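*Asks:* For reference, the structure I am asking about is given below.
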Amino acid sequence: MDLQTFYDRIDHSNDVTVLQNEATIITHILEHAVPYSEDYCANIQRLQYIYTRMTQLLAEFPA
């Protein structure tokens, strides 16, 4: 999945649990990736984007 498609999907998710699951999957992928490869860097970007979105959601809907 390209980054833009991924970003669009994350932008439309309002479920923090789904975002946490995505982050867990990407973290597992990163554990086995070649550091600083193109895929590694793309997954770091995905992870950063997920956490940014989670922060936005938590700010909008505080517990």
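Chain labels run A, B, ... following the order of the structure tokens; each chain numbers its residues from 1, and ligands are numbered from 1 in the order shown.
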So which residues touch A:Asn14 within 9 Å, counting only C-alpha atoms, skipping near sequence neighbours fewer than 5 positions away, as a PyMOL selection string?

*Replies:* chain A and resi 19+53-54+57

*Asks:* I'd like the neighbourhood of stretch 22-33 of chain A as a ChimeraX atom specification, where a residue qualifies if any of its atoms comes within 12 Å (using only C-alpha atoms), though same-chain residues fewer than 5 positions away should be ignored.

*Replies:* /A:6-7,9-10,13,15-17,38-54

*Asks:* Those selected residues, please, written with N, CA, C and O atoms and delivered as a short mmCIF file (atom, residue, chain, number, x, y, z; two decimals), in the first residue's frame.

*Replies:*
data_model
loop_
_atom_site.label_atom_id
_atom_site.label_comp_id
_atom_site.auth_asym_id
_atom_site.auth_seq_id
_atom_site.Cartn_x
_atom_site.Cartn_y
_atom_site.Cartn_z
N PHE A 6 -2.42 4.84 2.55
CA PHE A 6 -2.34 4.57 3.98
C PHE A 6 -2.80 5.79 4.78
O PHE A 6 -3.61 5.68 5.70
N TYR A 7 -2.29 6.98 4.43
CA TYR A 7 -2.66 8.21 5.13
C TYR A 7 -4.16 8.46 5.05
O TYR A 7 -4.79 8.83 6.04
N ARG A 9 -6.53 6.25 4.68
CA ARG A 9 -7.22 5.28 5.53
C ARG A 9 -7.11 5.67 7.01
O ARG A 9 -8.10 5.61 7.75
N ILE A 10 -5.95 6.11 7.43
CA ILE A 10 -5.76 6.51 8.83
C ILE A 10 -6.58 7.77 9.13
O ILE A 10 -7.18 7.88 10.19
N SER A 13 -10.11 6.98 10.05
CA SER A 13 -10.35 6.10 11.19
C SER A 13 -10.54 6.95 12.45
O SER A 13 -9.73 7.80 12.77
N ASP A 15 -11.25 5.26 15.35
CA ASP A 15 -11.17 4.22 16.36
C ASP A 15 -9.72 4.06 16.81
O ASP A 15 -8.87 3.58 16.06
N VAL A 16 -9.43 4.47 18.04
CA VAL A 16 -8.06 4.41 18.56
C VAL A 16 -7.57 2.97 18.62
O VAL A 16 -6.39 2.70 18.36
N THR A 17 -8.46 2.02 18.89
CA THR A 17 -8.05 0.61 18.94
C THR A 17 -7.54 0.14 17.58
O THR A 17 -6.53 -0.57 17.51
N GLU A 38 14.45 1.69 2.24
CA GLU A 38 13.29 2.47 1.80
C GLU A 38 12.02 2.02 2.53
O GLU A 38 11.23 2.84 3.00
N ASP A 39 11.83 0.71 2.66
CA ASP A 39 10.65 0.19 3.37
C ASP A 39 10.68 0.57 4.85
O ASP A 39 9.66 0.90 5.44
N TYR A 40 11.85 0.50 5.44
CA TYR A 40 12.01 0.86 6.85
C TYR A 40 11.59 2.31 7.06
O TYR A 40 10.80 2.61 7.97
N CYS A 41 12.10 3.19 6.24
CA CYS A 41 11.77 4.62 6.37
C CYS A 41 10.28 4.88 6.14
O CYS A 41 9.67 5.68 6.85
N ALA A 42 9.70 4.20 5.17
CA ALA A 42 8.26 4.36 4.91
C ALA A 42 7.44 3.89 6.11
O ALA A 42 6.45 4.54 6.48
N ASN A 43 7.86 2.80 6.73
CA ASN A 43 7.12 2.32 7.90
C ASN A 43 7.30 3.23 9.11
O ASN A 43 6.37 3.39 9.91
N ILE A 44 8.45 3.86 9.25
CA ILE A 44 8.63 4.86 10.31
C ILE A 44 7.66 6.02 10.07
O ILE A 44 7.02 6.50 11.01
N GLN A 45 7.54 6.46 8.82
CA GLN A 45 6.59 7.53 8.50
C GLN A 45 5.16 7.11 8.84
O GLN A 45 4.39 7.90 9.38
N ARG A 46 4.81 5.88 8.51
CA ARG A 46 3.46 5.38 8.82
C ARG A 46 3.22 5.39 10.33
O ARG A 46 2.16 5.81 10.79
N LEU A 47 4.19 4.94 11.07
CA LEU A 47 4.06 4.89 12.52
C LEU A 47 3.91 6.29 13.11
O LEU A 47 3.05 6.53 13.96
N GLN A 48 4.69 7.24 12.62
CA GLN A 48 4.57 8.62 13.08
C GLN A 48 3.18 9.18 12.77
O GLN A 48 2.58 9.87 13.58
N TYR A 49 2.68 8.86 11.60
CA TYR A 49 1.37 9.35 11.19
C TYR A 49 0.26 8.77 12.07
O TYR A 49 -0.67 9.48 12.46
N ILE A 50 0.38 7.49 12.40
CA ILE A 50 -0.60 6.86 13.27
C ILE A 50 -0.62 7.56 14.63
O ILE A 50 -1.68 7.89 15.16
N TYR A 51 0.54 7.79 15.20
CA TYR A 51 0.59 8.42 16.52
C TYR A 51 0.10 9.86 16.48
O TYR A 51 -0.54 10.33 17.42
N THR A 52 0.34 10.55 15.38
CA THR A 52 -0.20 11.91 15.23
C THR A 52 -1.73 11.85 15.21
O THR A 52 -2.40 12.63 15.89
N ARG A 53 -2.28 10.90 14.46
CA ARG A 53 -3.74 10.76 14.38
C ARG A 53 -4.33 10.36 15.73
O ARG A 53 -5.38 10.87 16.14
N MET A 54 -3.66 9.47 16.44
CA MET A 54 -4.14 9.06 17.76
C MET A 54 -4.15 10.25 18.71
O MET A 54 -5.10 10.42 19.48
#

*Asks:* State, in Å with one decimal place, the distance from atom CA of A:Gln4 to atom CA of A:Thr55.

*Replies:* 19.6 Å
